[in-house]
Amino acid sequence: MIKHTNTKHSSGNADSEITVVNRRLFLRSAGLATSLGTIIIAAGCSKDDHPMIPGGEEVNLGSGDIGVLNYAYALEQLEAAFYAKVVDSFYSGATDAEKAILTDIRDHEIVHRDFFKAALGSNAIKGLTPNFDGIDFGSRAAVLGAAKLFEDTGVAAYNGAGRLIKDPNYLLLAGKIVSVEARHAAVIRDLINPKSMDFAGDDIIDMNGMDKAVAPGDILAAVKGFVKDMINGANVGK
Amino acid sequence: MDIFKIIDKFQQIDGDAVGRLEYASRRHFMNKVGSKLASVAIPTAFAAVVNKAFAQSAAAVDVLNYALTLEYLEDEFYKAGLAAANLIPASDKTIFMQIGKHESQHVAFLVKALGDKAIKKPTFDFQYGGAFGDVFTNYKTFVTVSSALEDTGVRAYKGQAGVLIGDPQILEYALQVHSVEARHAAVARRLAATLLGLPAMKGWITGKEGAVPAIYAGEDNMTQGGVNIKGLASKSDAAVTEAFDEPLTKQAVLDIAGPFIKA
């Protein structure tokens, strides 16, 4: 399915691939296609249809529970880096309430990131290089749209990874974090569309009243535009 | 998005939707088709899968009946609140209608899944033996109880994850409900913060602060994965405790919920 010979050298069709990704990235960050379902399906198809984008070393998350923890660590790294950038220079017109919320979330994600790094010790993957080029950090709509995408993706990722975890202590840890991500998602969604049903909208919650649960392969495909490294999660939980 | 390709994939695996759901590909199905299209088509098959799994695990039946008790409680609470005249202001109706809808869906799913093993709906006393006597006449009380119920629900589901580790599909359903309760909790908490004039109350739980001490006991824990993370990344105790939600045992939850349940 995914065949590339050398990550350092572009293949013949790399330029067109990059165009495809940039377009998707734009759509996502612009908040025009931030329904996670849409992205997951789009990404799921692209995975079959296109080779991965060359660029950077492959990062292998590893197998079993270590793989799941590294998978969480990778996602937390992206979230922490995103919010750090947001808080470093708030979009114009950010209210004090919005600044407080985004600063809180940044701190939570940094705590998550550093916790996983410490817990993994020598098994931890390296620090990833995020790619937020497609996000206009000066725009409220773009920042909150991207935040919504990251939080919804985090929730779906933890929900989908739960069944892959073998050690009940790690499962509980994932549970302790996923509900905080869900709180973030709800608050961000309520900032975008206050007092609406969107905090747990019909776009993300199904008719059984359930959030999404998405497997690592689909999540990694959905976020690959946001990270320069190539992440290999093929053995996560196996 | 190529929906036909996805449907085609299903048919390659198994032409029959119910049969497919009962075997290995049901995960693939859920993941790839996050669309309403799919979820509308299969709720009964969904429940059938759960029902089948229950037959294999008494532990799962116990956990899901425990969940059903809490969902009945929440469902009845929002039905009564939404029906009460002059309680929920028009500006906040949408929020509580959405929360109430989800609780009804959770009840319906669990009842269908448990089949004849489902417990009967208890009779509730939302005044909590008089402590919340004005719960359906005073919006502040209603929102406070709502946030407390949702935070309890989050802790209750979290506390059962380990019990379900041998039942991966049931575990996944429980996690999918768990995060919805957390979304509810965050919004209810922010409404409560505004109404009660408590700027320190946020969508997330700081330390063990909360209206009902028993519900927030232990939320100030800073030992995660066996490691003391106080001061991690030079962050405050507030940030460190907010970053992790804590579980409650079944007994602790039933002790909290007990006064709500008359019979």
# chains A, B, ... in the order shown; residues from 1 in each chain; ligands from 1

$ residues_around --residues "Ile205 in chain A" --least-positions-apart "3" --cutoff "12 Å" --atoms "only C-alpha atoms" --output "PyMOL selection string"
(chain A and resi 35-37+152+155-156+182+186+197-202+208-213) or (chain B and resi 34-36+39+98-99+101-102+105-106+176-181+183-184)

$ closest_atom_pairs --of "chain A" --to "chain B" --cutoff "8 Å" --atoms "only C-alpha atoms" --output "JSON lines"
{"residue": "A:Gly37", "atom": "CA", "partner": "B:Gly34", "partner_atom": "CA", "distance": 5.0}
{"residue": "A:Thr38", "atom": "CA", "partner": "B:Met1", "partner_atom": "CA", "distance": 7.3}
{"residue": "A:Ile40", "atom": "CA", "partner": "B:Lys32", "partner_atom": "CA", "distance": 7.1}
{"residue": "A:Ile41", "atom": "CA", "partner": "B:Lys32", "partner_atom": "CA", "distance": 6.0}
{"residue": "A:Ala42", "atom": "CA", "partner": "B:Met1", "partner_atom": "CA", "distance": 5.0}
{"residue": "A:Gly44", "atom": "CA", "partner": "B:Lys32", "partner_atom": "CA", "distance": 7.1}
{"residue": "A:Cys45", "atom": "CA", "partner": "B:Met1", "partner_atom": "CA", "distance": 7.0}
{"residue": "A:Asp104", "atom": "CA", "partner": "B:Ala239", "partner_atom": "CA", "distance": 6.9}
{"residue": "A:Asp107", "atom": "CA", "partner": "B:Ala239", "partner_atom": "CA", "distance": 6.2}
{"residue": "A:His108", "atom": "CA", "partner": "B:Ala243", "partner_atom": "CA", "distance": 4.7}
{"residue": "A:Glu109", "atom": "CA", "partner": "B:Ala243", "partner_atom": "CA", "distance": 7.5}
{"residue": "A:Ile110", "atom": "CA", "partner": "B:Ala233", "partner_atom": "CA", "distance": 7.1}
{"residue": "A:Val111", "atom": "CA", "partner": "B:Ala233", "partner_atom": "CA", "distance": 6.4}
{"residue": "A:His112", "atom": "CA", "partner": "B:Ala243", "partner_atom": "CA", "distance": 7.0}
{"residue": "A:Asp114", "atom": "CA", "partner": "B:Ala233", "partner_atom": "CA", "distance": 6.7}
{"residue": "A:Phe115", "atom": "CA", "partner": "B:Ile229", "partner_atom": "CA", "distance": 7.6}
{"residue": "A:Ala119", "atom": "CA", "partner": "B:Gly225", "partner_atom": "CA", "distance": 7.4}
{"residue": "A:Val155", "atom": "CA", "partner": "B:Ser179", "partner_atom": "CA", "distance": 7.2}
{"residue": "A:Asn159", "atom": "CA", "partner": "B:Leu175", "partner_atom": "CA", "distance": 5.7}
{"residue": "A:Gly160", "atom": "CA", "partner": "B:Glu172", "partner_atom": "CA", "distance": 7.0}
{"residue": "A:Gly162", "atom": "CA", "partner": "B:Glu172", "partner_atom": "CA", "distance": 6.7}
{"residue": "A:Arg163", "atom": "CA", "partner": "B:Pro168", "partner_atom": "CA", "distance": 5.0}
{"residue": "A:Lys166", "atom": "CA", "partner": "B:Ile165", "partner_atom": "CA", "distance": 7.5}
{"residue": "A:Pro168", "atom": "CA", "partner": "B:Gly162", "partner_atom": "CA", "distance": 5.2}
{"residue": "A:Asn169", "atom": "CA", "partner": "B:Gly225", "partner_atom": "CA", "distance": 7.1}
{"residue": "A:Tyr170", "atom": "CA", "partner": "B:Gly225", "partner_atom": "CA", "distance": 7.5}
{"residue": "A:Leu171", "atom": "CA", "partner": "B:Gly162", "partner_atom": "CA", "distance": 6.8}
{"residue": "A:Leu172", "atom": "CA", "partner": "B:Ala161", "partner_atom": "CA", "distance": 6.7}
{"residue": "A:Leu173", "atom": "CA", "partner": "B:Gly225", "partner_atom": "CA", "distance": 7.1}
{"residue": "A:Gly175", "atom": "CA", "partner": "B:Lys158", "partner_atom": "CA", "distance": 5.9}
{"residue": "A:Lys176", "atom": "CA", "partner": "B:Asp245", "partner_atom": "CA", "distance": 4.6}
{"residue": "A:Ile177", "atom": "CA", "partner": "B:Phe244", "partner_atom": "CA", "distance": 5.4}
{"residue": "A:Val178", "atom": "CA", "partner": "B:Ser179", "partner_atom": "CA", "distance": 6.8}
{"residue": "A:Ser179", "atom": "CA", "partner": "B:Ser179", "partner_atom": "CA", "distance": 5.3}
{"residue": "A:Val180", "atom": "CA", "partner": "B:Ala243", "partner_atom": "CA", "distance": 6.3}
{"residue": "A:Ala182", "atom": "CA", "partner": "B:Arg183", "partner_atom": "CA", "distance": 5.4}
{"residue": "A:Arg183", "atom": "CA", "partner": "B:Arg183", "partner_atom": "CA", "distance": 5.0}
{"residue": "A:His184", "atom": "CA", "partner": "B:Gly203", "partner_atom": "CA", "distance": 7.6}
{"residue": "A:Ala185", "atom": "CA", "partner": "B:Arg183", "partner_atom": "CA", "distance": 7.1}
{"residue": "A:Ala186", "atom": "CA", "partner": "B:Arg183", "partner_atom": "CA", "distance": 5.0}
{"residue": "A:Val187", "atom": "CA", "partner": "B:Ala186", "partner_atom": "CA", "distance": 6.6}
{"residue": "A:Asp190", "atom": "CA", "partner": "B:Val187", "partner_atom": "CA", "distance": 7.8}
{"residue": "A:Lys195", "atom": "CA", "partner": "B:Asp92", "partner_atom": "CA", "distance": 6.2}
{"residue": "A:Ser196", "atom": "CA", "partner": "B:Thr94", "partner_atom": "CA", "distance": 6.0}
{"residue": "A:Met197", "atom": "CA", "partner": "B:Ile95", "partner_atom": "CA", "distance": 5.5}
{"residue": "A:Phe199", "atom": "CA", "partner": "B:Arg183", "partner_atom": "CA", "distance": 6.6}
{"residue": "A:Ala200", "atom": "CA", "partner": "B:Arg183", "partner_atom": "CA", "distance": 6.2}
{"residue": "A:Gly201", "atom": "CA", "partner": "B:Gln98", "partner_atom": "CA", "distance": 8.0}
{"residue": "A:Ile205", "atom": "CA", "partner": "B:Val180", "partner_atom": "CA", "distance": 7.8}
{"residue": "A:Asp206", "atom": "CA", "partner": "B:Ser39", "partner_atom": "CA", "distance": 6.6}
{"residue": "A:Met207", "atom": "CA", "partner": "B:Ser39", "partner_atom": "CA", "distance": 6.6}
{"residue": "A:Asn208", "atom": "CA", "partner": "B:Gln105", "partner_atom": "CA", "distance": 5.1}
{"residue": "A:Gly209", "atom": "CA", "partner": "B:His102", "partner_atom": "CA", "distance": 4.6}
{"residue": "A:Met210", "atom": "CA", "partner": "B:Gln176", "partner_atom": "CA", "distance": 4.9}
{"residue": "A:Asp211", "atom": "CA", "partner": "B:Gln176", "partner_atom": "CA", "distance": 4.7}
{"residue": "A:Lys212", "atom": "CA", "partner": "B:Gln176", "partner_atom": "CA", "distance": 6.3}
{"residue": "A:Ala213", "atom": "CA", "partner": "B:Gln176", "partner_atom": "CA", "distance": 6.6}
{"residue": "A:Val214", "atom": "CA", "partner": "B:Asn31", "partner_atom": "CA", "distance": 5.2}
{"residue": "A:Ala215", "atom": "CA", "partner": "B:Asn31", "partner_atom": "CA", "distance": 6.7}

$ closest_residue --among "A:Asn60, A:Asn193, A:Asn235, A:Thr95" --to "Lys126 in chain A" --atoms "only C-alpha atoms"
A:Asn60

$ atom_distance --atom1 "CA of Tyr139 in chain B" --atom2 "CA of Gly210 in chain B"
17.6 Å

$ closest_residue --among "A:Ala157, A:Asp203, A:Leu78, A:Gly62" --to "Asp229 in chain A" --atoms "only C-alpha atoms"
A:Leu78

$ select_by_dssp --residues "range 10-259 of chain B" --states "alpha helix (DSSP H)" --output "ChimeraX atom specification"
/B:10-13,17-21,26-32,36-41,43-54,58-83,90-114,139-160,168-196,213-216,237-242,250-257

$ atom_distance --atom1 "CA of Val223 in chain A" --atom2 "CA of Tyr91 in chain A"
22.7 Å

$ residues_around --residues "Gln77 in chain A" --least-positions-apart "4" --cutoff "12 Å" --atoms "only C-alpha atoms" --output "ChimeraX atom specification"
/A:70-73,81-84,106,108-117,124-131,150,154,226-227

$ atom_distance --atom1 "CA of Ser63 in chain A" --atom2 "CA of Lys228 in chain A"
21.8 Å
